[in-house]
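entry-v7.tsv follows; it contains TSV, C-alpha atoms.
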chain	number	residue	atom	x	y	z
A	1	MET	CA	0.00	0.00	0.00
A	2	ARG	CA	1.20	3.52	-0.70
A	3	ILE	CA	-0.07	7.08	-0.72
A	4	THR	CA	0.66	9.04	-3.89
A	5	ARG	CA	-0.70	12.46	-2.94
A	6	ILE	CA	-1.97	14.31	0.11
A	7	GLU	CA	-3.83	17.62	0.46
A	8	LEU	CA	-4.27	19.48	3.78
A	9	GLN	CA	-6.46	22.40	4.79
A	10	ASN	CA	-6.18	24.07	8.22
A	11	PHE	CA	-4.36	21.04	9.66
A	12	ARG	CA	-2.14	22.34	12.46
A	13	ASN	CA	0.29	24.75	10.75
A	14	HIS	CA	-0.61	23.57	7.23
A	15	ILE	CA	-3.22	26.01	5.96
A	16	ASP	CA	-3.12	24.83	2.34
A	17	THR	CA	-0.50	22.19	1.58
A	18	SER	CA	-0.30	19.46	-1.05
A	19	VAL	CA	2.48	16.94	-1.68
A	20	ASP	CA	3.05	14.24	-4.28
A	21	TRP	CA	4.85	11.36	-2.59
A	22	ALA	CA	7.51	8.97	-3.86
A	23	PRO	CA	6.66	5.25	-3.77
A	24	HIS	CA	9.62	4.16	-1.59
A	25	LEU	CA	11.46	6.52	0.79
A	26	ASN	CA	10.26	10.01	1.66
A	27	VAL	CA	12.59	11.97	3.92
A	28	LEU	CA	11.39	15.20	5.57
A	29	THR	CA	14.11	17.38	7.15
A	30	GLY	CA	14.19	20.81	8.78
A	31	PRO	CA	14.15	22.49	12.20
A	32	ASN	CA	11.73	21.37	14.91
A	33	GLY	CA	8.27	22.89	14.80
A	34	VAL	CA	8.08	23.54	11.05
A	35	GLY	CA	5.40	20.96	10.18
A	36	LYS	CA	7.21	17.71	9.39
A	37	THR	CA	5.45	15.64	12.04
A	38	ASN	CA	2.11	17.27	11.18
A	39	LEU	CA	2.41	16.09	7.61
A	40	ILE	CA	2.96	12.43	8.46
A	41	ASP	CA	0.36	12.67	11.25
A	42	ALA	CA	-2.10	13.61	8.50
A	43	ILE	CA	-1.20	10.35	6.74
A	44	HIS	CA	-1.91	8.51	9.99
A	45	TYR	CA	-5.32	10.18	10.16
A	46	LEU	CA	-6.17	8.80	6.71
A	47	CYS	CA	-5.09	5.30	7.81
A	48	MET	CA	-6.47	5.14	11.37
A	49	SER	CA	-8.96	8.04	11.61
A	50	ARG	CA	-6.96	9.63	14.42
A	51	SER	CA	-3.72	11.34	15.32
A	52	PHE	CA	-0.69	9.57	16.79
A	53	VAL	CA	0.35	12.85	18.45
A	54	THR	CA	-2.78	13.94	20.34
A	55	ASN	CA	-5.99	12.31	21.58
A	56	SER	CA	-8.25	15.22	20.61
A	57	ASP	CA	-9.26	16.29	17.10
A	58	MET	CA	-9.98	19.84	18.26
A	59	TYR	CA	-6.29	20.47	18.94
A	60	VAL	CA	-5.43	19.62	15.35
A	61	VAL	CA	-7.42	22.48	13.82
A	62	HIS	CA	-5.29	25.44	12.76
A	63	GLN	CA	-5.53	28.23	15.31
A	64	GLY	CA	-8.28	30.66	14.39
A	65	ASP	CA	-10.13	28.23	12.13
A	66	SER	CA	-13.08	25.94	12.87
A	67	PHE	CA	-12.34	22.91	10.69
A	68	PHE	CA	-9.67	20.84	9.00
A	69	LYS	CA	-9.75	18.58	5.97
A	70	ILE	CA	-7.25	15.99	4.71
A	71	SER	CA	-7.46	14.09	1.42
A	72	GLY	CA	-5.16	11.37	0.17
A	73	THR	CA	-4.89	9.20	-2.94
A	74	PHE	CA	-3.77	5.61	-2.34
A	75	GLU	CA	-2.70	2.62	-4.42
A	76	GLY	CA	-2.65	-1.03	-3.38
A	77	SER	CA	-2.77	-4.56	-4.71
A	78	ILE	CA	-6.41	-5.09	-3.70
A	79	ARG	CA	-7.67	-1.56	-4.43
A	80	LYS	CA	-5.73	-0.23	-7.42
A	81	GLU	CA	-6.50	3.41	-6.65
A	82	PHE	CA	-8.83	5.06	-4.18
A	83	LYS	CA	-9.24	8.31	-2.30
A	84	VAL	CA	-9.71	8.80	1.44
A	85	SER	CA	-10.79	12.08	3.02
A	86	CYS	CA	-11.07	13.07	6.66
A	87	SER	CA	-12.87	16.21	7.76
A	88	TYR	CA	-13.54	17.65	11.18
A	89	SER	CA	-15.43	20.73	12.29
A	90	ARG	CA	-16.26	21.94	15.75
A	91	GLY	CA	-19.87	21.08	16.51
A	92	ASP	CA	-20.18	18.62	13.62
A	93	GLY	CA	-17.48	16.13	14.55
A	94	LYS	CA	-15.33	13.94	12.32
A	95	LYS	CA	-16.30	12.29	9.04
A	96	ILE	CA	-14.44	9.84	6.81
A	97	PHE	CA	-15.07	9.45	3.08
A	98	VAL	CA	-13.76	6.74	0.74
A	99	ASN	CA	-14.10	7.73	-2.91
A	100	ASP	CA	-16.49	10.49	-1.77
A	101	SER	CA	-18.81	7.99	-0.04
A	102	PRO	CA	-19.17	8.53	3.73
A	103	LEU	CA	-18.33	5.67	6.08
A	104	GLU	CA	-21.12	4.89	8.53
A	105	ARG	CA	-18.59	4.09	11.25
A	106	LEU	CA	-15.04	5.38	11.63
A	107	SER	CA	-13.95	1.84	12.51
A	108	GLU	CA	-14.64	0.76	8.90
A	109	LEU	CA	-11.43	2.54	7.90
A	110	ILE	CA	-9.19	0.46	10.20
A	111	GLY	CA	-7.25	-2.14	8.24
A	112	MET	CA	-8.02	-0.62	4.84
A	113	ILE	CA	-4.61	1.09	4.80
A	114	PRO	CA	-2.18	-0.78	7.11
A	115	VAL	CA	0.23	1.54	8.89
A	116	VAL	CA	3.03	1.31	11.45
A	117	VAL	CA	4.26	4.40	13.27
A	118	LEU	CA	7.52	4.82	15.18
A	119	SER	CA	7.78	7.97	17.30
A	120	PRO	CA	9.32	9.27	20.56
A	121	VAL	CA	6.11	8.45	22.49
A	122	ASP	CA	6.79	4.75	21.91
A	123	LYS	CA	8.94	4.76	25.06
A	124	LYS	CA	5.64	4.60	26.95
A	125	LEU	CA	5.16	1.06	25.64
A	126	THR	CA	7.85	-0.35	27.87
A	127	SER	CA	8.02	2.18	30.70
A	128	GLU	CA	4.43	3.08	31.58
A	129	GLY	CA	1.23	1.25	32.53
A	130	PRO	CA	-0.72	-1.63	30.94
A	131	SER	CA	-3.07	0.64	28.95
A	132	GLU	CA	-0.18	1.62	26.63
A	133	ARG	CA	0.57	-2.01	25.80
A	134	ARG	CA	-3.10	-2.93	25.38
A	135	SER	CA	-3.51	-0.02	22.98
A	136	PHE	CA	-0.51	-1.18	20.95
A	137	LEU	CA	-1.82	-4.75	20.84
A	138	ASP	CA	-5.35	-3.67	19.91
A	139	SER	CA	-4.06	-1.46	17.10
A	140	LEU	CA	-1.89	-4.27	15.76
A	141	ILE	CA	-4.66	-6.90	15.73
A	142	SER	CA	-7.44	-4.57	14.59
A	143	GLN	CA	-5.55	-3.84	11.37
A	144	ILE	CA	-5.51	-7.53	10.44
A	145	SER	CA	-8.87	-8.68	11.85
A	146	LYS	CA	-12.20	-6.89	11.39
A	147	ALA	CA	-13.83	-9.49	13.67
A	148	TYR	CA	-11.44	-8.58	16.49
A	149	LEU	CA	-12.18	-4.88	16.09
A	150	ARG	CA	-15.93	-5.55	16.22
A	151	ASP	CA	-15.48	-7.64	19.37
A	152	LEU	CA	-13.37	-4.90	20.94
A	153	ILE	CA	-16.01	-2.25	20.25
A	154	ASP	CA	-18.81	-4.51	21.52
A	155	TYR	CA	-16.84	-5.47	24.63
A	156	ARG	CA	-16.32	-1.83	25.60
A	157	LYS	CA	-20.07	-1.21	25.27
A	158	ILE	CA	-20.82	-4.24	27.45
A	159	ILE	CA	-18.37	-3.06	30.10
A	160	ARG	CA	-19.97	0.40	30.19
A	161	GLN	CA	-23.46	-1.06	30.63
A	162	ARG	CA	-22.34	-3.58	33.22
A	163	ASN	CA	-20.44	-0.94	35.20
A	164	ARG	CA	-23.47	1.31	35.14
A	165	LEU	CA	-25.59	-1.48	36.59
A	166	LEU	CA	-23.05	-2.15	39.34
A	167	SER	CA	-22.61	1.50	40.30
A	168	GLU	CA	-26.07	3.05	39.94
A	169	TYR	CA	-28.50	0.43	41.19
A	170	LYS	CA	-28.81	-0.80	44.77
A	171	MET	CA	-30.56	-4.15	45.19
A	172	PRO	CA	-30.17	-7.50	47.01
A	173	ASP	CA	-27.37	-9.77	45.80
A	174	GLN	CA	-29.66	-12.34	44.17
A	175	VAL	CA	-31.57	-9.67	42.29
A	176	MET	CA	-28.31	-8.07	41.13
A	177	LYS	CA	-27.03	-11.45	39.93
A	178	SER	CA	-30.16	-11.96	37.85
A	179	TYR	CA	-29.75	-8.50	36.29
A	180	LEU	CA	-26.06	-9.10	35.59
A	181	GLU	CA	-26.56	-12.54	34.00
A	182	PRO	CA	-27.44	-11.35	30.44
A	183	TRP	CA	-24.48	-8.97	30.50
A	184	ASN	CA	-22.23	-11.70	31.88
A	185	ILE	CA	-23.09	-14.00	28.99
A	186	GLN	CA	-22.15	-11.32	26.45
A	187	LEU	CA	-19.07	-10.33	28.45
A	188	ILE	CA	-17.78	-13.90	28.63
A	189	GLU	CA	-18.40	-14.76	24.96
A	190	THR	CA	-16.96	-11.52	23.59
A	191	GLY	CA	-14.10	-11.28	26.07
A	192	ALA	CA	-13.09	-14.89	25.44
A	193	ARG	CA	-12.76	-14.24	21.70
A	194	ILE	CA	-10.58	-11.20	22.43
A	195	VAL	CA	-8.25	-13.15	24.73
A	196	ALA	CA	-8.07	-16.06	22.28
A	197	LYS	CA	-7.16	-13.76	19.38
A	198	ARG	CA	-4.59	-11.90	21.44
A	199	THR	CA	-3.03	-15.22	22.43
A	200	GLU	CA	-2.95	-16.43	18.82
A	201	VAL	CA	-1.39	-13.25	17.43
A	202	LEU	CA	1.15	-12.86	20.24
A	203	ASN	CA	2.32	-16.44	19.73
A	204	GLU	CA	3.04	-15.63	16.09
A	205	TYR	CA	4.50	-12.21	16.86
A	206	ARG	CA	7.23	-13.57	19.18
A	207	SER	CA	9.59	-14.64	16.41
A	208	PHE	CA	9.22	-11.28	14.63
A	209	LEU	CA	10.21	-9.45	17.83
A	210	GLU	CA	13.28	-11.64	18.26
A	211	GLU	CA	14.32	-10.96	14.65
A	212	ALA	CA	13.77	-7.21	14.93
A	213	TYR	CA	15.70	-6.85	18.19
A	214	SER	CA	18.58	-8.93	16.87
A	215	ARG	CA	18.87	-6.82	13.71
A	216	ILE	CA	18.68	-3.39	15.34
A	217	SER	CA	20.61	-4.02	18.58
A	218	ASN	CA	23.43	-6.34	17.55
A	219	ILE	CA	23.39	-7.49	21.18
A	220	LYS	CA	22.92	-11.09	22.28
A	221	HIS	CA	20.08	-10.39	24.72
A	222	LYS	CA	16.92	-12.33	23.94
A	223	PRO	CA	13.68	-10.32	24.04
A	224	HIS	CA	10.51	-12.10	25.10
A	225	PHE	CA	7.23	-11.34	26.83
A	226	GLU	CA	4.49	-12.84	28.95
A	227	TYR	CA	0.84	-12.23	28.20
A	228	LYS	CA	-0.93	-11.52	31.50
A	229	THR	CA	-4.68	-12.02	31.56
A	230	PHE	CA	-7.30	-13.29	34.03
A	231	CYS	CA	-6.80	-16.93	33.02
A	232	GLU	CA	-4.32	-19.28	31.42
A	233	PRO	CA	-4.00	-17.81	27.90
A	234	SER	CA	-5.42	-19.97	25.13
A	235	SER	CA	-6.17	-19.48	21.45
A	236	ASP	CA	-9.36	-21.53	21.90
A	237	PRO	CA	-12.31	-19.23	22.84
A	238	LYS	CA	-14.25	-22.09	24.48
A	239	THR	CA	-11.37	-22.86	26.82
A	240	VAL	CA	-11.18	-19.19	27.80
A	241	GLU	CA	-14.96	-19.03	28.29
A	242	GLU	CA	-14.89	-21.83	30.87
A	243	GLN	CA	-12.24	-20.03	32.92
A	244	TYR	CA	-13.88	-16.63	32.49
A	245	ARG	CA	-17.25	-17.88	33.74
A	246	GLN	CA	-15.70	-19.10	36.98
A	247	VAL	CA	-13.68	-15.92	37.49
A	248	ILE	CA	-16.80	-13.78	37.03
A	249	GLU	CA	-18.66	-15.81	39.64
A	250	ASP	CA	-15.76	-15.56	42.10
A	251	SER	CA	-15.43	-11.79	41.67
A	252	PHE	CA	-19.09	-10.91	42.37
A	253	ASP	CA	-18.60	-9.76	45.97
A	254	LYS	CA	-15.61	-7.61	45.11
A	255	GLU	CA	-17.39	-6.03	42.15
A	256	ARG	CA	-20.36	-5.14	44.32
A	257	ASP	CA	-17.99	-3.35	46.69
A	258	VAL	CA	-15.98	-1.42	44.10
A	259	GLU	CA	-18.97	-1.01	41.73
A	260	TYR	CA	-17.19	-1.82	38.46
A	261	THR	CA	-16.03	-4.82	36.43
A	262	THR	CA	-12.73	-6.03	37.84
A	263	VAL	CA	-11.77	-8.91	35.53
A	264	GLY	CA	-11.51	-9.24	31.78
A	265	PRO	CA	-9.31	-8.39	28.80
A	266	HIS	CA	-9.73	-4.66	29.57
A	267	ARG	CA	-7.19	-5.25	32.35
A	268	ASP	CA	-4.69	-7.36	30.40
A	269	ASP	CA	-0.99	-6.59	30.26
A	270	ILE	CA	2.14	-7.72	28.46
A	271	VAL	CA	5.33	-8.01	30.54
A	272	PHE	CA	8.51	-7.50	28.51
A	273	TYR	CA	11.81	-9.21	29.33
A	274	LEU	CA	15.41	-9.14	28.15
A	275	ASP	CA	16.80	-12.53	29.01
A	276	ASP	CA	15.68	-13.07	32.63
A	277	PHE	CA	15.13	-9.49	33.81
A	278	GLU	CA	11.91	-7.53	33.50
A	279	LEU	CA	12.50	-4.54	31.25
A	280	ARG	CA	10.06	-2.13	32.95
A	281	LYS	CA	11.70	-2.57	36.35
A	282	PHE	CA	15.37	-3.00	35.51
A	283	GLY	CA	15.98	-1.83	31.92
A	284	SER	CA	18.23	1.10	31.10
A	285	GLN	CA	16.99	4.03	29.04
A	286	GLY	CA	18.83	2.69	26.00
A	287	GLN	CA	17.33	-0.77	26.42
A	288	HIS	CA	13.84	0.70	26.67
A	289	ARG	CA	14.43	2.65	23.45
A	290	LEU	CA	15.76	-0.33	21.51
A	291	PHE	CA	12.95	-2.58	22.73
A	292	ALA	CA	10.29	-0.05	21.70
A	293	ILE	CA	11.82	0.32	18.24
A	294	SER	CA	11.99	-3.47	17.95
A	295	LEU	CA	8.30	-3.79	18.87
A	296	LYS	CA	7.35	-1.53	15.97
A	297	LEU	CA	9.78	-3.11	13.50
A	298	ALA	CA	8.36	-6.49	14.48
A	299	GLN	CA	4.90	-5.12	13.68
A	300	LEU	CA	6.22	-4.04	10.27
A	301	PHE	CA	7.68	-7.52	9.61
A	302	PHE	CA	4.48	-9.17	10.88
A	303	PHE	CA	2.22	-7.09	8.63
A	304	SER	CA	4.55	-7.60	5.67
A	305	GLU	CA	4.29	-11.35	6.14
A	306	TYR	CA	0.53	-11.66	6.67
A	307	LEU	CA	-1.10	-8.86	4.68
A	308	ASP	CA	-1.64	-8.65	0.93
A	309	ASP	CA	-0.45	-5.03	0.95
A	310	LEU	CA	2.78	-3.86	2.55
A	311	PRO	CA	2.09	-1.36	5.36
A	312	ILE	CA	2.99	2.31	5.22
A	313	LEU	CA	5.78	3.04	7.71
A	314	LEU	CA	5.99	6.40	9.52
A	315	LEU	CA	9.14	7.28	11.48
A	316	ASP	CA	8.94	10.51	13.44
A	317	ASP	CA	12.19	11.82	14.91
A	318	VAL	CA	13.50	8.31	15.51
A	319	PHE	CA	17.19	8.90	14.76
A	320	GLY	CA	17.89	11.70	17.25
A	321	ASP	CA	18.98	9.45	20.13
A	322	LEU	CA	20.44	6.52	18.19
A	323	ASP	CA	24.19	6.02	17.97
A	324	PRO	CA	25.81	6.09	14.49
A	325	HIS	CA	25.96	2.30	14.19
A	326	LYS	CA	22.26	1.77	14.95
A	327	THR	CA	21.37	4.69	12.70
A	328	GLU	CA	23.25	3.01	9.87
A	329	VAL	CA	21.63	-0.37	10.53
A	330	LEU	CA	18.12	1.10	10.62
A	331	LEU	CA	18.63	3.22	7.49
A	332	GLN	CA	19.99	0.22	5.60
A	333	MET	CA	17.03	-1.84	6.75
A	334	LEU	CA	14.60	0.81	5.52
A	335	ALA	CA	16.40	1.17	2.20
A	336	ASN	CA	15.99	-2.58	1.66
A	337	HIS	CA	12.34	-2.64	2.73
A	338	GLU	CA	10.09	-2.61	-0.34
A	339	GLY	CA	7.20	-0.73	1.23
A	340	GLN	CA	6.65	3.03	1.42
A	341	THR	CA	8.41	4.82	4.29
A	342	PHE	CA	8.26	8.36	5.67
A	343	ILE	CA	11.08	9.72	7.85
A	344	THR	CA	11.19	13.03	9.71
A	345	SER	CA	14.44	14.37	11.10
A	346	ALA	CA	15.67	17.71	12.40
A	347	ASN	CA	19.08	16.96	10.89
A	348	PRO	CA	19.88	15.62	7.41
A	349	LEU	CA	22.07	12.91	9.03
A	350	ALA	CA	23.63	10.59	6.50
A	351	PHE	CA	20.56	10.02	4.36
A	352	ASN	CA	22.46	10.63	1.13
A	353	GLN	CA	24.73	7.68	1.93
A	354	PHE	CA	21.78	5.26	1.94
A	355	VAL	CA	19.11	6.92	-0.16
A	356	ASP	CA	19.48	7.70	-3.86
A	357	PHE	CA	17.40	10.85	-4.24
A	358	SER	CA	18.13	10.97	-7.96
A	359	ASN	CA	15.91	7.88	-8.18
A	360	SER	CA	12.25	8.84	-8.62
A	361	SER	CA	11.32	6.16	-6.07
A	362	ASN	CA	12.73	8.38	-3.31
A	363	LYS	CA	12.11	11.98	-2.28
A	364	HIS	CA	13.67	14.56	0.06
A	365	LEU	CA	11.52	17.44	1.36
A	366	GLN	CA	13.24	20.29	3.18
A	367	PHE	CA	11.20	22.50	5.52
A	368	ASP	CA	11.67	25.95	6.96
A	369	ARG	CA	9.21	28.19	8.85
A	370	GLY	CA	6.27	25.88	8.21
A	371	GLU	CA	6.78	25.63	4.47
A	372	ILE	CA	8.35	23.13	2.08
A	373	ILE	CA	11.29	25.06	0.62
A	374	ASN	CA	12.83	22.31	-1.49
A	375	GLN	CA	11.78	18.97	-2.97
A	376	ILE	CA	14.40	16.67	-4.44

Taking this structure as input, can you express it in the form of C-alpha cells?
Amino acid sequence: MRITRIELQNFRNHIDTSVDWAPHLNVLTGPNGVGKTNLIDAIHYLCMSRSFVTNSDMYVVHQGDSFFKISGTFEGSIRKEFKVSCSYSRGDGKKIFVNDSPLERLSELIGMIPVVVLSPVDKKLTSEGPSERRSFLDSLISQISKAYLRDLIDYRKIIRQRNRLLSEYKMPDQVMKSYLEPWNIQLIETGARIVAKRTEVLNEYRSFLEEAYSRISNIKHKPHFEYKTFCEPSSDPKTVEEQYRQVIEDSFDKERDVEYTTVGPHRDDIVFYLDDFELRKFGSQGQHRLFAISLKLAQLFFFSEYLDDLPILLLDDVFGDLDPHKTEVLLQMLANHEGQTFITSANPLAFNQFVDFSNSSNKHLQFDRGEIINQI
C-alpha cells in the first residue's frame, strides 16, 4: 500500500499544503516545529482516523479556524487506486469518506490502509502502565482482523453497561445477579474471543520481535514477553470461556464493593523481558528505546508477512537518540524494505549515503518556517 498524494487544509500549521509522494522513501528534514510531524500525522489520520500525536481532534485544527480537511490518494494490490478524506469541524465532529462515499462508522477505515508508526512516544510502551501495551496490541490486531475490532467495540459497550448497573442500582445480591446474567453472557463470549485472538497473534508475533531486536541491537540479549490475563491464555475461545465464567462468579462480591467490572481483557498486560530481567523494572533508558523500536519493526515484519499489501511506515524523529551504528543499521534496513516509508528528522544525518534521491522512487523534502522550501 502507498499514498501518492496528500492535500491538507487548516491542519495544524498547514493552511493549504499538497504533496506528491515517492513510492519508496520520503525523507522530511528541517528544524523542529516547522510541520514535518504534522504532515505524516495527517497520513496517519487517513489510515487510522486519528492522530498519533494527540488524543483530541480539536487540537489539530489550525488556530483561528473551525475545521480541518485531509485528502489522500492511495494505491494497493487489492484496491488499485482510491481516495480517502477526513474532515472535522467543531460542533459537527469527524467524518471519513472513501471515494467520496461517507463511512457509517469510523472503525470501517481500520485495516483498509495498514500503517506502522515509530515515534518518541513509543517509550511509553515499555516504561508506563498496561493501557499503553493494550492499545498497541489492539491497534496491531485490529488492522488484520475486522472481527477482532468488532469484538473490541462490543466489549467496551458491554463493560460500560455492566459498570453502570453495578454503580447506579442498589438491590439485594440475588436480584443483582439476575440482572447481571445477560451482560455476563455477552461479556464472557466476547471477552473470550478477544483473549483467544490476542493469544494467537502474540504467539506468532514472538519470532518477529526476536528478529527485529537482533537486527537493530546487535546485542545477544533475547527479548521475550508474557501475556498476563485473568486466566491461562489460550487461542481456543471455548477454553477461555470456561475459565472466564468461573472468574466472574468468584469476583461478584468484590465487584459489588468497588462497583465496576474487575476482571476481563480490559485489564490485560504484556510483561517484557530481556533474558531473565523484567524490562520495565530493571531496563536502562537505552534498552527501553531499543525494545520499543523493535516492537514496531516487528509489527512491520508481521504485517509484511501476513497482509496482501505492505504497510505504510511512519518514522517521526526516531534517529535523534540513536548512535551512528544503529542509525546506519536502521537506514539500511529501511532502504531494503520494499514498502513506502516516511522519515522526519531535524538533521539531514547521512541520508544521502543510503538513499538515492536521484531515483524517482525516493524523495527529500526540506522544511523551513512551516513551508516546504525544497523537494528533491

Review point. What's the 9 Å shell around stretch 55-67 of chain A, counting all atoms listed in the file, without same-chain residues fewer than 6 positions away, as a PyMOL selection string?
Key: chain A and resi 9-15+38+87-90+93-94

Which stretch 17-104 of chain A residues have any atom within 12 Å of an atom of stretch 115-121 of chain A, and for each, what is the nearest pair of atoms with distance in Å to one decimal, counting only C-alpha atoms, rows sorted by chain and number, as JSON lines?
{"residue": "A:Thr37", "atom": "CA", "partner": "A:Ser119", "partner_atom": "CA", "distance": 9.6}
{"residue": "A:Ile40", "atom": "CA", "partner": "A:Val117", "partner_atom": "CA", "distance": 9.5}
{"residue": "A:Asp41", "atom": "CA", "partner": "A:Val117", "partner_atom": "CA", "distance": 9.4}
{"residue": "A:Ile43", "atom": "CA", "partner": "A:Val115", "partner_atom": "CA", "distance": 9.2}
{"residue": "A:His44", "atom": "CA", "partner": "A:Val115", "partner_atom": "CA", "distance": 7.4}
{"residue": "A:Tyr45", "atom": "CA", "partner": "A:Val115", "partner_atom": "CA", "distance": 10.3}
{"residue": "A:Leu46", "atom": "CA", "partner": "A:Val115", "partner_atom": "CA", "distance": 9.9}
{"residue": "A:Cys47", "atom": "CA", "partner": "A:Val115", "partner_atom": "CA", "distance": 6.6}
{"residue": "A:Met48", "atom": "CA", "partner": "A:Val115", "partner_atom": "CA", "distance": 8.0}
{"residue": "A:Ser49", "atom": "CA", "partner": "A:Val115", "partner_atom": "CA", "distance": 11.6}
{"residue": "A:Ser51", "atom": "CA", "partner": "A:Val117", "partner_atom": "CA", "distance": 10.8}
{"residue": "A:Phe52", "atom": "CA", "partner": "A:Val117", "partner_atom": "CA", "distance": 8.0}
{"residue": "A:Val53", "atom": "CA", "partner": "A:Val121", "partner_atom": "CA", "distance": 8.3}
{"residue": "A:Thr54", "atom": "CA", "partner": "A:Val121", "partner_atom": "CA", "distance": 10.7}

Exercise for review: Neighbourhood query: residues within 12 Å of (-3.0, -20.4, 28.8), file coordinates, counting only C-alpha atoms; return as a list of chain:residue names.
Suggested key: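 Selection result: A:Ala192, A:Val195, A:Ala196, A:Arg198, A:Thr199, A:Glu200, A:Asn203, A:Glu226, A:Tyr227, A:Lys228, A:Thr229, A:Phe230, A:Cys231, A:Glu232, A:Pro233, A:Ser234, A:Ser235, A:Asp236, A:Pro237, A:Thr239, A:Val240, A:Gln243.
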
How close does stretch 92-195 of chain A get to stretch 295-309 of chain A? List, as a tab-separated table, each residue of stretch 92-195 of chain A within 10 Å, its nearest atom pair and the distance in Å to one decimal, counting all atoms listed in the file.
residue	atom	partner	partner_atom	distance
A:Gly111	CA	A:Leu307	CA	9.8
A:Met112	CA	A:Asp309	CA	9.6
A:Ile113	CA	A:Asp309	CA	8.3
A:Pro114	CA	A:Asp309	CA	7.7
A:Val115	CA	A:Leu300	CA	8.3
A:Val116	CA	A:Leu300	CA	6.3
A:Val117	CA	A:Lys296	CA	7.2
A:Leu118	CA	A:Lys296	CA	6.4
A:Ser119	CA	A:Lys296	CA	9.6
A:Asp122	CA	A:Lys296	CA	8.7
A:Leu125	CA	A:Leu295	CA	8.9
A:Thr126	CA	A:Leu295	CA	9.6
A:Phe136	CA	A:Lys296	CA	9.3
A:Leu137	CA	A:Gln299	CA	9.8
A:Leu140	CA	A:Gln299	CA	7.2
A:Ile141	CA	A:Phe303	CA	9.9
A:Gln143	CA	A:Phe303	CA	8.9
A:Ile144	CA	A:Leu307	CA	7.4

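Rounded to one decimal, atom CA of A:Gly286 and atom CA of A:Ser207 lie 21.9 Å from each other.
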
Point to revise | From A:Asn359, A:Ser145, A:Asn374, A:Gln353, residue lying nearest A:Leu25 [all atoms listed in the file] | key: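 Selected residue with least distance to A:Leu25: A:Asn359.
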
Point to revise | Expected residue set, 12 Å radius at (-14.1, -3.2, 16.8), all atoms listed in the file, as a list in words | key: Arg105, Leu106, Ser107, Glu108, Leu109, Ile110, Gly111, Asp138, Ser139, Ile141, Ser142, Gln143, Ile144, Ser145, Lys146, Ala147, Tyr148, Leu149, Arg150, Asp151, Leu152, Ile153, Asp154, Tyr155, Arg156, Lys157, Thr190 and Ile194 of chain A
